[in-house]
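Presented below is the structure to which this report refers.
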Amino acid sequence: MKRIITYIFITLIIGACEDPIDVDLPEVEARLVVDGLLRVDKSEEFVDVRITMRETSQFFDENQPTQVENAVISYGVLTDEGLFETLSFCNLTEEAPGTGVYVPDPNFTTDQRIRTASAEPGVVFILQLTHKDRKYFAQTEYAHTVPIDNLEQGMDTFIDEDETEIKVTFTDDGTKDNYYVFDFMYNEFLVIEDEFFQGQQFEFSYFYDDEISAGDEVTVSILGSTEEFYNYMDLVLEQTQNDGGVFQTPVATVRGNVFDITGLDNITILDNVERPNDYALGFFAVAQEYTSSLIVQ
C-alpha cells in the first residue's frame, strides 16, 4: 500500500562550530539471507529457478552476495506417513562467480531444470544447502493461484492528486481457503486472504504515487501463497514498508522458513528451543504466477 512518511526537522542553534560525533555500533552477527521465491508460469516448460544468497552486513551497509558450498532442491508428493512417493532433484550452481544467484546446474550429468508439469497442488519442495559449514533446510508446498480477470486504470486518488489508481479484479477459488501475494513492480507488494469473499469475484484499488506517469507500462502479478508465506510477507511489509525490497533488507525479527539444522538428528522438529539464535533470514516458496499489464494514460 502507499507509504506515508512524515519527516520532522529540528534545527538547534548551539554555536558556530559543529563537531562530529562518533557512535560505537554493536557487532552484529552475520546471517544468511535466502531470496527463494520461485515463480511458476504454467505456459512455460520449465520453472524459472533463481535463488539469491546474501549475507547480512553491519549497520548502514547493503547485504552482500555470498556463496554456498552446495544447494539442492528435492520435490515430490508426500504419503500420509510423511515419506515421498517419488523424489526428484534439482542441483544448483552459482550462475556467475560472485553473484550469489543459484540456478539449475547446466553441467550436471542430467537435466536439472524443474518442469512446470511437476508443480501441482500437493507437491512438496525442499531446499537444502550448506553455507560456511552450517546446514540449512526449508520446506514448502506448491501454491497455485487464479488469473487476473481485469486490470484497468481508475480515476480516484487516495492521498494526493499525483497518484495513479489501478483496479484489479480476480475470482477466488472457493474450494479452500486461499492466500494471495500481489506484486505491483517497484518492490511493492500486497497480501490478501479470501476470508470475506471466498468463491466470489473481488475488486480492489492500488495507488501508485509519482513512480509512474502517462505512457508507462504497469505489470501486476498475482501469486499463490501458503498460509506461512502469507504471514511472513504480511509481517515483512508491515515492518519495512517496501524500503529496499522484502528480501534485500529483511527485518531480523521476522523469521522465514529457512532453518539451521546443523547437528540436528531430527529435522522434522525444526523449532529447536535450545538454539533460538540459529536461523537464516528470508523465505523459500514455490508459487504459481499470473500477470497482466496496461499502459498508463
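Chain identifiers are assigned as A, B, and so on, following the order in which chains appear in the C-alpha cells; residues are numbered from 1 within each chain, and ligands are numbered from 1 in order of appearance.
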
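By only C-alpha atoms, and with residues fewer than 5 positions from A:Tyr180 along its chain excluded, the set lying at most 7 Å from it is Val191, Ile192, Glu193, Ile222, Leu223, Gly224 and Ser225 of chain A.
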
Using the chain letters and numbers from this document, which residues of stretch 108-235 of chain A does DSSP assign to alpha helix (DSSP H), as a PDB file with all heavy atoms, in the first residue's frame?
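Dumped to result_13.pdb:
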ATOM      1  N   GLU A 227      -0.204 -20.392   3.676  1.00  0.00           N
ATOM      2  CA  GLU A 227      -0.504 -19.538   4.822  1.00  0.00           C
ATOM      3  C   GLU A 227       0.783 -19.030   5.466  1.00  0.00           C
ATOM      4  O   GLU A 227       0.852 -17.883   5.922  1.00  0.00           O
ATOM      5  CB  GLU A 227      -1.337 -20.301   5.848  1.00  0.00           C
ATOM      6  CG  GLU A 227      -1.774 -19.446   7.024  1.00  0.00           C
ATOM      7  CD  GLU A 227      -2.682 -20.183   7.989  1.00  0.00           C
ATOM      8  OE1 GLU A 227      -2.947 -21.381   7.756  1.00  0.00           O
ATOM      9  OE2 GLU A 227      -3.138 -19.567   8.986  1.00  0.00           O
ATOM     10  N   GLU A 228       1.831 -19.863   5.475  1.00  0.00           N
ATOM     11  CA  GLU A 228       3.096 -19.470   6.087  1.00  0.00           C
ATOM     12  C   GLU A 228       3.753 -18.320   5.318  1.00  0.00           C
ATOM     13  O   GLU A 228       4.256 -17.366   5.914  1.00  0.00           O
ATOM     14  CB  GLU A 228       4.048 -20.669   6.153  1.00  0.00           C
ATOM     15  CG  GLU A 228       3.633 -21.765   7.111  1.00  0.00           C
ATOM     16  CD  GLU A 228       2.488 -22.623   6.558  1.00  0.00           C
ATOM     17  OE1 GLU A 228       2.258 -22.592   5.314  1.00  0.00           O
ATOM     18  OE2 GLU A 228       1.819 -23.299   7.359  1.00  0.00           O
ATOM     19  N   PHE A 229       3.737 -18.405   3.993  1.00  0.00           N
ATOM     20  CA  PHE A 229       4.340 -17.338   3.196  1.00  0.00           C
ATOM     21  C   PHE A 229       3.523 -16.055   3.310  1.00  0.00           C
ATOM     22  O   PHE A 229       4.070 -14.951   3.371  1.00  0.00           O
ATOM     23  CB  PHE A 229       4.455 -17.773   1.733  1.00  0.00           C
ATOM     24  CG  PHE A 229       5.209 -16.806   0.858  1.00  0.00           C
ATOM     25  CD1 PHE A 229       6.419 -16.267   1.268  1.00  0.00           C
ATOM     26  CD2 PHE A 229       4.698 -16.431  -0.375  1.00  0.00           C
ATOM     27  CE1 PHE A 229       7.118 -15.373   0.464  1.00  0.00           C
ATOM     28  CE2 PHE A 229       5.386 -15.541  -1.187  1.00  0.00           C
ATOM     29  CZ  PHE A 229       6.596 -15.005  -0.760  1.00  0.00           C
ATOM     30  N   TYR A 230       2.205 -16.184   3.342  1.00  0.00           N
ATOM     31  CA  TYR A 230       1.325 -15.028   3.545  1.00  0.00           C
ATOM     32  C   TYR A 230       1.660 -14.322   4.858  1.00  0.00           C
ATOM     33  O   TYR A 230       1.804 -13.090   4.901  1.00  0.00           O
ATOM     34  CB  TYR A 230      -0.135 -15.489   3.536  1.00  0.00           C
ATOM     35  CG  TYR A 230      -1.118 -14.443   4.006  1.00  0.00           C
ATOM     36  CD1 TYR A 230      -1.680 -13.534   3.124  1.00  0.00           C
ATOM     37  CD2 TYR A 230      -1.489 -14.366   5.355  1.00  0.00           C
ATOM     38  CE1 TYR A 230      -2.582 -12.575   3.553  1.00  0.00           C
ATOM     39  CE2 TYR A 230      -2.388 -13.413   5.793  1.00  0.00           C
ATOM     40  CZ  TYR A 230      -2.929 -12.518   4.898  1.00  0.00           C
ATOM     41  OH  TYR A 230      -3.812 -11.559   5.341  1.00  0.00           O
ATOM     42  N   ASN A 231       1.781 -15.071   5.938  1.00  0.00           N
ATOM     43  CA  ASN A 231       2.086 -14.477   7.245  1.00  0.00           C
ATOM     44  C   ASN A 231       3.458 -13.810   7.239  1.00  0.00           C
ATOM     45  O   ASN A 231       3.637 -12.722   7.804  1.00  0.00           O
ATOM     46  CB  ASN A 231       2.024 -15.545   8.332  1.00  0.00           C
ATOM     47  CG  ASN A 231       0.611 -16.020   8.597  1.00  0.00           C
ATOM     48  OD1 ASN A 231      -0.356 -15.289   8.367  1.00  0.00           O
ATOM     49  ND2 ASN A 231       0.476 -17.249   9.066  1.00  0.00           N
ATOM     50  N   TYR A 232       4.418 -14.449   6.596  1.00  0.00           N
ATOM     51  CA  TYR A 232       5.763 -13.877   6.509  1.00  0.00           C
ATOM     52  C   TYR A 232       5.743 -12.551   5.762  1.00  0.00           C
ATOM     53  O   TYR A 232       6.281 -11.538   6.236  1.00  0.00           O
ATOM     54  CB  TYR A 232       6.704 -14.866   5.819  1.00  0.00           C
ATOM     55  CG  TYR A 232       8.055 -14.289   5.477  1.00  0.00           C
ATOM     56  CD1 TYR A 232       9.069 -14.219   6.426  1.00  0.00           C
ATOM     57  CD2 TYR A 232       8.327 -13.810   4.189  1.00  0.00           C
ATOM     58  CE1 TYR A 232      10.313 -13.683   6.112  1.00  0.00           C
ATOM     59  CE2 TYR A 232       9.562 -13.278   3.872  1.00  0.00           C
ATOM     60  CZ  TYR A 232      10.550 -13.218   4.833  1.00  0.00           C
ATOM     61  OH  TYR A 232      11.770 -12.680   4.515  1.00  0.00           O
ATOM     62  N   MET A 233       5.120 -12.542   4.588  1.00  0.00           N
ATOM     63  CA  MET A 233       5.086 -11.319   3.786  1.00  0.00           C
ATOM     64  C   MET A 233       4.312 -10.220   4.501  1.00  0.00           C
ATOM     65  O   MET A 233       4.678  -9.044   4.442  1.00  0.00           O
ATOM     66  CB  MET A 233       4.456 -11.617   2.426  1.00  0.00           C
ATOM     67  CG  MET A 233       5.305 -12.450   1.505  1.00  0.00           C
ATOM     68  SD  MET A 233       6.795 -11.585   0.955  1.00  0.00           S
ATOM     69  CE  MET A 233       6.079 -10.330  -0.093  1.00  0.00           C
ATOM     70  N   ASP A 234       3.246 -10.587   5.183  1.00  0.00           N
ATOM     71  CA  ASP A 234       2.447  -9.607   5.910  1.00  0.00           C
ATOM     72  C   ASP A 234       3.291  -8.912   6.975  1.00  0.00           C
ATOM     73  O   ASP A 234       3.251  -7.685   7.116  1.00  0.00           O
ATOM     74  CB  ASP A 234       1.248 -10.311   6.543  1.00  0.00           C
ATOM     75  CG  ASP A 234       0.245  -9.328   7.142  1.00  0.00           C
ATOM     76  OD1 ASP A 234       0.039  -8.252   6.560  1.00  0.00           O
ATOM     77  OD2 ASP A 234      -0.329  -9.641   8.198  1.00  0.00           O
ATOM     78  N   LEU A 235       4.072  -9.675   7.716  1.00  0.00           N
ATOM     79  CA  LEU A 235       4.921  -9.096   8.757  1.00  0.00           C
ATOM     80  C   LEU A 235       6.049  -8.251   8.172  1.00  0.00           C
ATOM     81  O   LEU A 235       6.348  -7.164   8.666  1.00  0.00           O
ATOM     82  CB  LEU A 235       5.511 -10.209   9.629  1.00  0.00           C
ATOM     83  CG  LEU A 235       4.544 -10.893  10.589  1.00  0.00           C
ATOM     84  CD1 LEU A 235       5.203 -12.093  11.251  1.00  0.00           C
ATOM     85  CD2 LEU A 235       4.057  -9.913  11.641  1.00  0.00           C
TER      86      LEU A 235
END

Exercise. Looking at only C-alpha atoms, which of A:Phe283, A:Phe182, A:Tyr208, A:Tyr136 is the one that sits closest to A:Asn70?
Worked result: A:Tyr136

Seminar exercise, completed: What separates atom CA of A:Thr219 and atom CA of A:Ser292 is a distance of 5.6 Å

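Using only C-alpha atoms, the protein and nucleic acid residues lying no more than 7 Å from stretch 47-54 of chain A, apart from those fewer than 5 places from it along its own chain, are Leu32, Val33, Val34, Asp35, Gly36, Leu38, Arg39, Val40, Asp41, Asn63, Gln64, Pro65, Thr66, Gln67, Gly100, Val101, Tyr102, Val103, Pro104, Ile114, Arg115 and Thr116 of chain A.
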
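With only C-alpha atoms as the basis for measurement, A:Val181 is the residue among A:Leu294, A:Val181, A:Val72, A:Val123 that approaches A:Thr145 most closely.
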
Problem set entry | Residue set, stretch 50-274 of chain A restricted to strand (DSSP E or B), as a PyMOL selection string | chain A and resi 51-55+64-65+70-78+84+88-94+101-104+115+123-131+134-141+143+148-153+164-171+179-183+189-193+201-208+217-225+259-260
